[in-house]
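Asker: Got a structure for you, written out below as structure tokens; questions coming shortly.
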Amino acid sequence: MTMSTAPAASPARADAAPREGRITTADQRLYGPGRSVAPEQVTGSQAIIRSLEELGVTDVFGIPGGAILPTYDPLMDSEKVNHILVRHEQGAGHAAQGYAMATGKVGVCFATSGPGATNLVTPLADAHMDSVPMVAITGQVNAQVIGTDAFQEADIVGIATPITKHAFLVTDADQIPQVMAEAFHIASSGRPGPVLVDITKSAQTAQTTFSWPPKMELNGYRPVTRGHAKQIREAAKLIQQSTRPVFYIGGGMIKAEASEEFMALAEAVGAPVVNTLMARGAFPDSHPLNVGMPGMHGAVSAVAALQQADLLITLGARFDDRVTGQLDTFAPEAKVIHADIDPAEISKNRFADVPIVGSLKEIVPELTSAVAQVFEAEGRPSLESWWQRLTRLRETYPLGWTEPEDGQIAPQKIIQKIGEASGPEAIYAAGVGQHQMWAAQFVSYERPRQWLNSGGLGTMGYSVPAAMGAAVGQPDRTVWAIDGDGCFQMTNQELATCAINKIPIKVAVINNSSLGMVRQWQTLFYESRYSNTHLNTAVSPDGADVVRIPDFVKLAEAYGCVGLRCEREEDIDTVIAQAMEINDRPVVIDFVVSRDAMVWPMVPAGVSNSDIQVARNMTPDWDDEE
């Protein structure tokens, strides 16, 4: 029996081109290559592995344990599924996320029952917030003892239901192929997200008949993919009537694989484009229409574009509080076009004058066509004065930094140099905090899936395992984990996984000996009272003594990695070049930087975006006209 009913997805339209990797016969909802397998007798565990093979899964991250052990035995015989033994289940979950973010495929992880499953809660919640397609397969105690507080029993379905797109409990081995197919479809269709499949040990050991493809029963789950034609025409009219339009682009643009289509729309309209933190790379930084990243630590030109716009063309974004600031003061003069695959996001935070529900892959080209028609009939809007205003702000308030007064290295310089040395073909995964914002600001993002980070949940410890997963999925690319000394200590045990499996990620530890973003807030809002934010990873709290607890170079070497340290600005280029030459094992660089460096610009929490500060107590001059 399968407990809990699935929200689910609809068959593709008959006239729609099938997405890559999807079956083109029988059930078009089926994920994977769509091979046919004749019925055969297997155990439930063998059915799990056979299902993964037929779904096209090639890489899985996990740790065995008692309740999932029956499935690890046939996994050993699979010639198609590669298992990466991680050192902590949280690492397995974030690795599956990184794999999915870097490849666009569904990431997969395994864990046993009880504490194994509960260790996946953070990555599941993280994937849910950031719409990452992921399937977590967990073992559960025998069906007969569920509810008796059996050894390592935890109601992971109950725990995970609020933080997943759907959660299944499977107690009948006959249901395994169907549930697996449904899980992958739910995870990858509509608004992507994580799905939990919890399978009892008794179902894993029972005999069953396996065949492929299974019949999916997902009544009631039918994501709309095609935007309403009337709404698209109304959106085109608003664009034609606007004199201060802005494209507000969110991570949904990358999930929909619609960046190429959006390029045509943006250039047809000629309006400024802002990319949120989750959309870095959806539209090239080098493009002249790109005015930067908006939000709490966004560029002045991007924040101003949203605040002063008369029309927000919102595509795959959700009006997150880190973008809007004080919501009732956000973009006060703007009408809103809002297109999103998830109808729940439309008018949730900001009323949409023109709501469009559907896939951006379909909506964007249709909107481009509608805009061309209305421009031809009614004329193009004049955006010259709008661009003059934004160009002045972009030139007057570019992203930058001041050199630290303590003589230590500016962390922004290190991150910028890493980006310059590695280029847009590399992948960059950041932890959470100051280094995350600097990585978003000072690396040039030119393509989708170049930038990975924990945006919605803000999970410390995301970077190293996510980079590991990205490197497994994209082995021919250079992968950097840009981490903080605080984040790094939460999941650095996955360096052992990387070393043993020859996954040559490069880790840049931005070591300011502090929980940097918290320290920045203590400096600005708590009278420099540094309560419990000093980590002793480089210096003592008074800055007088070198401490290094732990010593990151020795730690790296203990894990079988190359450990490097950089404490002088003149050594940055040499150390990065040295790391770039090592491709047979992971490299960890301990970059010792100033504790006093801060992330600017900044919109303090709870205030209007118009109150953005470009430095401490310095706000832009909005009224200065050329």
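Chain labels A, B, ... are given in the sequence in which chains occur in the structure tokens; within each chain residues are numbered consecutively from 1, and ligands are likewise numbered from 1 in the order shown.
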Give me every strand (DSSP E) residue in segment 483-526 of chain A, going by DSSP on the backbone, as a list in words.
Answerer: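 Residues of segment 483-526 of chain A classed as strand (DSSP E): Asp483, Gly484, Lys506, Val507, Ala508, Val509, Ile510 and Asn511 of chain A.
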Asker: Can you pull out every residue within 12 Å of segment 398-406 of chain A, counting only C-alpha atoms, but drop anything in the same chain fewer than 3 positions away, and send it as a short mmCIF file (atom, residue, chain, number, x, y, z; two decimals) with N, CA and C atoms, in the first residue's frame?
Answerer:
```cif
data_model
loop_
_atom_site.label_atom_id
_atom_site.label_comp_id
_atom_site.auth_asym_id
_atom_site.auth_seq_id
_atom_site.Cartn_x
_atom_site.Cartn_y
_atom_site.Cartn_z
N VAL A 291 21.32 45.14 -15.49
CA VAL A 291 21.65 46.21 -14.54
C VAL A 291 21.98 45.66 -13.16
N GLY A 292 22.11 44.33 -13.04
CA GLY A 292 22.62 43.79 -11.80
C GLY A 292 21.64 42.95 -11.01
N MET A 293 22.14 42.50 -9.86
CA MET A 293 21.34 41.69 -8.93
C MET A 293 20.60 42.61 -7.97
N HIS A 297 21.47 42.87 -0.77
CA HIS A 297 22.86 43.18 -1.10
C HIS A 297 23.02 43.33 -2.61
N GLY A 298 22.00 43.87 -3.24
CA GLY A 298 22.02 44.03 -4.68
C GLY A 298 22.70 45.31 -5.12
N ALA A 299 22.90 45.42 -6.43
CA ALA A 299 23.48 46.63 -7.00
C ALA A 299 22.49 47.78 -6.90
N VAL A 300 23.01 48.97 -6.71
CA VAL A 300 22.16 50.16 -6.61
C VAL A 300 21.30 50.30 -7.86
N SER A 301 21.89 50.09 -9.03
CA SER A 301 21.14 50.24 -10.27
C SER A 301 19.99 49.24 -10.35
N ALA A 302 20.19 48.03 -9.85
CA ALA A 302 19.13 47.02 -9.89
C ALA A 302 18.03 47.34 -8.89
N LEU A 390 19.17 55.03 -15.24
CA LEU A 390 19.80 53.82 -14.73
C LEU A 390 21.28 53.76 -15.08
N THR A 391 21.65 54.26 -16.23
CA THR A 391 23.06 54.27 -16.62
C THR A 391 23.86 55.16 -15.67
N ARG A 392 23.27 56.32 -15.29
CA ARG A 392 23.96 57.19 -14.33
C ARG A 392 24.20 56.46 -13.01
N LEU A 393 23.17 55.75 -12.53
CA LEU A 393 23.31 55.03 -11.28
C LEU A 393 24.32 53.89 -11.40
N ARG A 394 24.30 53.21 -12.53
CA ARG A 394 25.23 52.09 -12.74
C ARG A 394 26.67 52.60 -12.76
N GLU A 395 26.89 53.75 -13.36
CA GLU A 395 28.25 54.31 -13.45
C GLU A 395 28.68 54.99 -12.15
N ILE A 409 43.96 40.97 3.70
CA ILE A 409 43.42 40.86 2.36
C ILE A 409 41.93 41.18 2.33
N ALA A 410 41.49 41.88 1.27
CA ALA A 410 40.07 42.09 1.02
C ALA A 410 39.48 40.81 0.43
N PRO A 411 38.51 40.19 1.07
CA PRO A 411 37.96 38.93 0.55
C PRO A 411 37.34 39.07 -0.84
N GLN A 412 36.80 40.26 -1.12
CA GLN A 412 36.20 40.48 -2.45
C GLN A 412 37.23 40.30 -3.56
N LYS A 413 38.45 40.73 -3.29
CA LYS A 413 39.50 40.63 -4.30
C LYS A 413 39.81 39.17 -4.61
N ILE A 414 39.84 38.34 -3.58
CA ILE A 414 40.12 36.92 -3.77
C ILE A 414 39.05 36.28 -4.66
N GLN A 416 36.94 37.70 -6.72
CA GLN A 416 37.00 38.22 -8.08
C GLN A 416 38.11 37.54 -8.88
N MET A 437 27.44 36.37 -0.61
CA MET A 437 27.08 37.61 -1.29
C MET A 437 28.24 38.13 -2.14
N TRP A 438 29.45 38.02 -1.64
CA TRP A 438 30.60 38.46 -2.45
C TRP A 438 30.75 37.58 -3.69
N ALA A 440 28.32 36.13 -5.25
CA ALA A 440 27.25 36.55 -6.17
C ALA A 440 27.59 37.87 -6.84
N GLN A 441 28.31 38.73 -6.15
CA GLN A 441 28.62 40.07 -6.67
C GLN A 441 29.84 40.10 -7.58
N PHE A 442 30.90 39.37 -7.24
CA PHE A 442 32.20 39.61 -7.87
C PHE A 442 32.69 38.50 -8.79
N VAL A 443 31.85 37.49 -9.04
CA VAL A 443 32.12 36.53 -10.12
C VAL A 443 31.17 36.88 -11.25
N GLY A 543 42.80 39.62 18.14
CA GLY A 543 43.61 39.77 16.94
C GLY A 543 45.10 39.72 17.18
N GLU A 569 48.35 39.53 -0.05
CA GLU A 569 47.70 39.88 -1.31
C GLU A 569 48.55 39.51 -2.51
N VAL A 593 41.62 36.45 5.69
CA VAL A 593 41.18 37.77 5.25
C VAL A 593 40.81 38.64 6.45
N SER A 594 40.52 39.88 6.15
CA SER A 594 40.15 40.85 7.20
C SER A 594 38.81 40.50 7.83
N ARG A 595 38.78 40.61 9.17
CA ARG A 595 37.52 40.39 9.88
C ARG A 595 36.55 41.55 9.70
N ASP A 596 37.07 42.71 9.30
CA ASP A 596 36.24 43.91 9.27
C ASP A 596 35.60 44.17 7.91
N ALA A 597 35.90 43.35 6.91
CA ALA A 597 35.29 43.54 5.59
C ALA A 597 33.78 43.32 5.69
N MET A 598 33.03 44.18 4.99
CA MET A 598 31.57 44.07 5.02
C MET A 598 31.00 43.98 3.61
N VAL A 599 29.77 43.46 3.56
CA VAL A 599 29.06 43.36 2.28
C VAL A 599 28.28 44.65 2.06
N TRP A 600 28.61 45.33 0.97
CA TRP A 600 27.87 46.51 0.54
C TRP A 600 27.58 46.39 -0.95
N PRO A 601 26.49 46.96 -1.43
CA PRO A 601 25.44 47.70 -0.73
C PRO A 601 24.65 46.81 0.23
N MET A 602 23.79 47.48 1.01
CA MET A 602 22.99 46.75 1.99
C MET A 602 21.69 47.49 2.26
N VAL A 614 25.13 52.37 0.36
CA VAL A 614 26.27 51.92 -0.45
C VAL A 614 27.51 51.73 0.41
N ALA A 615 27.51 52.31 1.57
CA ALA A 615 28.54 52.12 2.59
C ALA A 615 27.88 52.56 3.89
N ARG A 616 28.60 52.43 4.98
CA ARG A 616 27.98 52.72 6.27
C ARG A 616 27.50 54.17 6.32
N PRO A 620 22.53 56.47 -1.74
CA PRO A 620 22.68 57.08 -3.06
C PRO A 620 21.90 58.38 -3.18
#
```
Asker: Give me the residues within 7 Å of Thr491 of chain A as a list in words, counting only C-alpha atoms and dropping any in the same chain fewer than 2 places off.
Answerer: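 My list of contacting residues is Gly91, Gly461, Val464, Phe488, Gln489, Gln493 and Glu494 of chain A.
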Asker: Using only C-alpha atoms, can you tell me which of A:Thr523, A:Ser347, A:Ser422, A:Thr200 comes closest to Ala173 of chain A?
Answerer: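 Using only C-alpha atoms, the shortest distance to Ala173 of chain A belongs to A:Thr200.
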Asker: Where does DSSP see helix (DSSP H, G or I) in segment 563-619 of chain A, if you list the residues as a PyMOL selection string?
Answerer: chain A and resi 569-580+609-611
Asker: Just the selected residues (N, CA and C atoms), exported as a PDB file, in the first residue's frame, please.
Answerer:
```
ATOM      1  N   GLU A 569      48.354  39.528  -0.055  1.00  0.00           N
ATOM      2  CA  GLU A 569      47.696  39.878  -1.307  1.00  0.00           C
ATOM      3  C   GLU A 569      48.553  39.507  -2.514  1.00  0.00           C
ATOM      4  N   GLU A 570      49.864  39.672  -2.389  1.00  0.00           N
ATOM      5  CA  GLU A 570      50.735  39.395  -3.528  1.00  0.00           C
ATOM      6  C   GLU A 570      50.808  37.898  -3.869  1.00  0.00           C
ATOM      7  N   ASP A 571      50.273  37.046  -2.996  1.00  0.00           N
ATOM      8  CA  ASP A 571      50.312  35.601  -3.257  1.00  0.00           C
ATOM      9  C   ASP A 571      49.012  35.058  -3.846  1.00  0.00           C
ATOM     10  N   ILE A 572      47.983  35.890  -3.963  1.00  0.00           N
ATOM     11  CA  ILE A 572      46.663  35.391  -4.374  1.00  0.00           C
ATOM     12  C   ILE A 572      46.723  34.695  -5.728  1.00  0.00           C
ATOM     13  N   ASP A 573      47.277  35.376  -6.729  1.00  0.00           N
ATOM     14  CA  ASP A 573      47.309  34.816  -8.081  1.00  0.00           C
ATOM     15  C   ASP A 573      48.092  33.509  -8.131  1.00  0.00           C
ATOM     16  N   THR A 574      49.218  33.456  -7.435  1.00  0.00           N
ATOM     17  CA  THR A 574      50.057  32.264  -7.439  1.00  0.00           C
ATOM     18  C   THR A 574      49.346  31.073  -6.817  1.00  0.00           C
ATOM     19  N   VAL A 575      48.666  31.304  -5.705  1.00  0.00           N
ATOM     20  CA  VAL A 575      47.980  30.214  -5.005  1.00  0.00           C
ATOM     21  C   VAL A 575      46.797  29.712  -5.838  1.00  0.00           C
ATOM     22  N   ILE A 576      46.043  30.620  -6.448  1.00  0.00           N
ATOM     23  CA  ILE A 576      44.922  30.198  -7.295  1.00  0.00           C
ATOM     24  C   ILE A 576      45.444  29.396  -8.487  1.00  0.00           C
ATOM     25  N   ALA A 577      46.528  29.868  -9.096  1.00  0.00           N
ATOM     26  CA  ALA A 577      47.113  29.141 -10.237  1.00  0.00           C
ATOM     27  C   ALA A 577      47.571  27.746  -9.819  1.00  0.00           C
ATOM     28  N   GLN A 578      48.144  27.647  -8.624  1.00  0.00           N
ATOM     29  CA  GLN A 578      48.580  26.349  -8.125  1.00  0.00           C
ATOM     30  C   GLN A 578      47.386  25.406  -7.964  1.00  0.00           C
ATOM     31  N   ALA A 579      46.306  25.939  -7.427  1.00  0.00           N
ATOM     32  CA  ALA A 579      45.097  25.119  -7.257  1.00  0.00           C
ATOM     33  C   ALA A 579      44.523  24.688  -8.598  1.00  0.00           C
ATOM     34  N   MET A 580      44.573  25.579  -9.585  1.00  0.00           N
ATOM     35  CA  MET A 580      44.013  25.273 -10.901  1.00  0.00           C
ATOM     36  C   MET A 580      44.784  24.155 -11.598  1.00  0.00           C
ATOM     37  N   ASN A 609      13.531  49.512   0.257  1.00  0.00           N
ATOM     38  CA  ASN A 609      14.693  49.397  -0.619  1.00  0.00           C
ATOM     39  C   ASN A 609      15.241  50.764  -1.007  1.00  0.00           C
ATOM     40  N   SER A 610      14.420  51.783  -0.946  1.00  0.00           N
ATOM     41  CA  SER A 610      14.887  53.138  -1.256  1.00  0.00           C
ATOM     42  C   SER A 610      15.912  53.632  -0.249  1.00  0.00           C
ATOM     43  N   ASP A 611      15.994  52.949   0.908  1.00  0.00           N
ATOM     44  CA  ASP A 611      16.957  53.321   1.952  1.00  0.00           C
ATOM     45  C   ASP A 611      18.247  52.508   1.870  1.00  0.00           C
TER      46      ASP A 611
END
```
Asker: Could you jot down the atom CA of Glu333 of chain A to atom CA of Ala304 of chain A separation for me, Å, one decimal place?
Answerer: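 Between atom CA of Glu333 of chain A and atom CA of Ala304 of chain A the gap is 12.3 Å.
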Asker: For Val374 of chain A, work out the shell of residues within 12 Å, counting only C-alpha atoms and skipping chain neighbours fewer than 4 positions away, then give it as a list in words.
Answerer: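 After dropping sequence-adjacent residues, the list is Ile232, Arg233, Glu234, Ala235, Ala236, Lys237, Leu238, Ile239, Gln240, Gln241, Ala268, Val269, Leu367, Thr368, Ser369, Ala370, Glu378, Gly379, Arg380 and Pro381 of chain A.
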Asker: Those selected residues, please, written with N, CA and C atoms and delivered as a PDB file, in the first residue's frame.
Answerer:
```
ATOM      1  N   ILE A 232      -1.412  36.877 -22.103  1.00  0.00           N
ATOM      2  CA  ILE A 232      -0.164  37.220 -22.795  1.00  0.00           C
ATOM      3  C   ILE A 232      -0.348  38.469 -23.651  1.00  0.00           C
ATOM      4  N   ARG A 233      -1.480  38.593 -24.313  1.00  0.00           N
ATOM      5  CA  ARG A 233      -1.752  39.809 -25.098  1.00  0.00           C
ATOM      6  C   ARG A 233      -1.857  41.028 -24.192  1.00  0.00           C
ATOM      7  N   GLU A 234      -2.488  40.859 -23.016  1.00  0.00           N
ATOM      8  CA  GLU A 234      -2.601  41.981 -22.073  1.00  0.00           C
ATOM      9  C   GLU A 234      -1.227  42.392 -21.560  1.00  0.00           C
ATOM     10  N   ALA A 235      -0.368  41.407 -21.331  1.00  0.00           N
ATOM     11  CA  ALA A 235       0.990  41.721 -20.886  1.00  0.00           C
ATOM     12  C   ALA A 235       1.728  42.513 -21.952  1.00  0.00           C
ATOM     13  N   ALA A 236       1.590  42.117 -23.202  1.00  0.00           N
ATOM     14  CA  ALA A 236       2.250  42.836 -24.292  1.00  0.00           C
ATOM     15  C   ALA A 236       1.772  44.279 -24.376  1.00  0.00           C
ATOM     16  N   LYS A 237       0.493  44.494 -24.139  1.00  0.00           N
ATOM     17  CA  LYS A 237      -0.041  45.867 -24.163  1.00  0.00           C
ATOM     18  C   LYS A 237       0.581  46.711 -23.047  1.00  0.00           C
ATOM     19  N   LEU A 238       0.679  46.132 -21.856  1.00  0.00           N
ATOM     20  CA  LEU A 238       1.293  46.877 -20.749  1.00  0.00           C
ATOM     21  C   LEU A 238       2.739  47.226 -21.064  1.00  0.00           C
ATOM     22  N   ILE A 239       3.465  46.304 -21.670  1.00  0.00           N
ATOM     23  CA  ILE A 239       4.856  46.568 -22.038  1.00  0.00           C
ATOM     24  C   ILE A 239       4.931  47.715 -23.039  1.00  0.00           C
ATOM     25  N   GLN A 240       4.033  47.733 -23.992  1.00  0.00           N
ATOM     26  CA  GLN A 240       4.036  48.798 -25.010  1.00  0.00           C
ATOM     27  C   GLN A 240       3.719  50.156 -24.396  1.00  0.00           C
ATOM     28  N   GLN A 241       2.893  50.168 -23.354  1.00  0.00           N
ATOM     29  CA  GLN A 241       2.479  51.423 -22.728  1.00  0.00           C
ATOM     30  C   GLN A 241       3.464  51.922 -21.675  1.00  0.00           C
ATOM     31  N   ALA A 268      14.204  42.273 -27.729  1.00  0.00           N
ATOM     32  CA  ALA A 268      13.080  42.832 -28.487  1.00  0.00           C
ATOM     33  C   ALA A 268      12.482  44.037 -27.769  1.00  0.00           C
ATOM     34  N   VAL A 269      12.417  43.969 -26.432  1.00  0.00           N
ATOM     35  CA  VAL A 269      11.827  45.069 -25.659  1.00  0.00           C
ATOM     36  C   VAL A 269      12.865  46.146 -25.372  1.00  0.00           C
ATOM     37  N   LEU A 367       5.138  35.518 -25.550  1.00  0.00           N
ATOM     38  CA  LEU A 367       5.145  36.932 -25.186  1.00  0.00           C
ATOM     39  C   LEU A 367       6.001  37.735 -26.156  1.00  0.00           C
ATOM     40  N   THR A 368       7.117  37.167 -26.589  1.00  0.00           N
ATOM     41  CA  THR A 368       7.962  37.835 -27.578  1.00  0.00           C
ATOM     42  C   THR A 368       7.183  38.102 -28.858  1.00  0.00           C
ATOM     43  N   SER A 369       6.435  37.123 -29.311  1.00  0.00           N
ATOM     44  CA  SER A 369       5.622  37.280 -30.519  1.00  0.00           C
ATOM     45  C   SER A 369       4.538  38.331 -30.321  1.00  0.00           C
ATOM     46  N   ALA A 370       3.873  38.308 -29.153  1.00  0.00           N
ATOM     47  CA  ALA A 370       2.811  39.280 -28.887  1.00  0.00           C
ATOM     48  C   ALA A 370       3.364  40.696 -28.796  1.00  0.00           C
ATOM     49  N   GLU A 378       1.303  49.599 -32.607  1.00  0.00           N
ATOM     50  CA  GLU A 378       1.180  50.795 -31.764  1.00  0.00           C
ATOM     51  C   GLU A 378       2.474  51.595 -31.629  1.00  0.00           C
ATOM     52  N   GLY A 379       3.586  51.035 -32.071  1.00  0.00           N
ATOM     53  CA  GLY A 379       4.866  51.716 -31.930  1.00  0.00           C
ATOM     54  C   GLY A 379       5.617  51.274 -30.692  1.00  0.00           C
ATOM     55  N   ARG A 380       6.927  51.470 -30.708  1.00  0.00           N
ATOM     56  CA  ARG A 380       7.769  51.104 -29.576  1.00  0.00           C
ATOM     57  C   ARG A 380       7.742  52.203 -28.526  1.00  0.00           C
ATOM     58  N   PRO A 381       7.759  51.843 -27.247  1.00  0.00           N
ATOM     59  CA  PRO A 381       7.850  52.875 -26.210  1.00  0.00           C
ATOM     60  C   PRO A 381       9.241  53.499 -26.203  1.00  0.00           C
TER      61      PRO A 381
END
```
Asker: Any idea what's packed within 9 Å of Asn501 of chain A, counting only C-alpha atoms, ignoring anything in its chain fewer than 5 positions away? Could you give it as a PDB file with N, CA and C atoms, in the first residue's frame?
Answerer:
```pdb
ATOM      1  N   ILE A  84      27.885   6.914  -4.528  1.00  0.00           N
ATOM      2  CA  ILE A  84      28.964   7.646  -3.854  1.00  0.00           C
ATOM      3  C   ILE A  84      28.683   7.604  -2.362  1.00  0.00           C
ATOM      4  N   LEU A  85      29.555   6.922  -1.623  1.00  0.00           N
ATOM      5  CA  LEU A  85      29.400   6.795  -0.167  1.00  0.00           C
ATOM      6  C   LEU A  85      29.842   8.088   0.499  1.00  0.00           C
ATOM      7  N   ALA A 496      36.594  13.851   2.520  1.00  0.00           N
ATOM      8  CA  ALA A 496      37.016  12.448   2.458  1.00  0.00           C
ATOM      9  C   ALA A 496      36.324  11.751   1.290  1.00  0.00           C
ATOM     10  N   ARG A 585      42.795  15.462  -7.286  1.00  0.00           N
ATOM     11  CA  ARG A 585      42.270  15.381  -5.916  1.00  0.00           C
ATOM     12  C   ARG A 585      41.751  16.754  -5.508  1.00  0.00           C
TER      13      ARG A 585
END
```
Asker: If we count only C-alpha atoms, what is near Gly433 of chain A at a cut-off of 12 Å, once residues fewer than 6 positions away on the same chain are taken out, given as a ChimeraX atom specification?
Answerer: /A:297,439-440,453-455,457-463,482-488,510,512,514-521,598-599
Asker: Counting only C-alpha atoms, what is within 6 Å of segment 66-70 of chain A, bar same-chain residues fewer than 4 positions away, as a PyMOL selection string?
Answerer: chain A and resi 112-113+139-141+201
Asker: For atom CA of Gly114 of chain A and atom CA of Lys80 of chain A, determine how far apart the two atoms are, in Å to one decimal place.
Answerer: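 Between atom CA of Gly114 of chain A and atom CA of Lys80 of chain A the gap is 28.4 Å.
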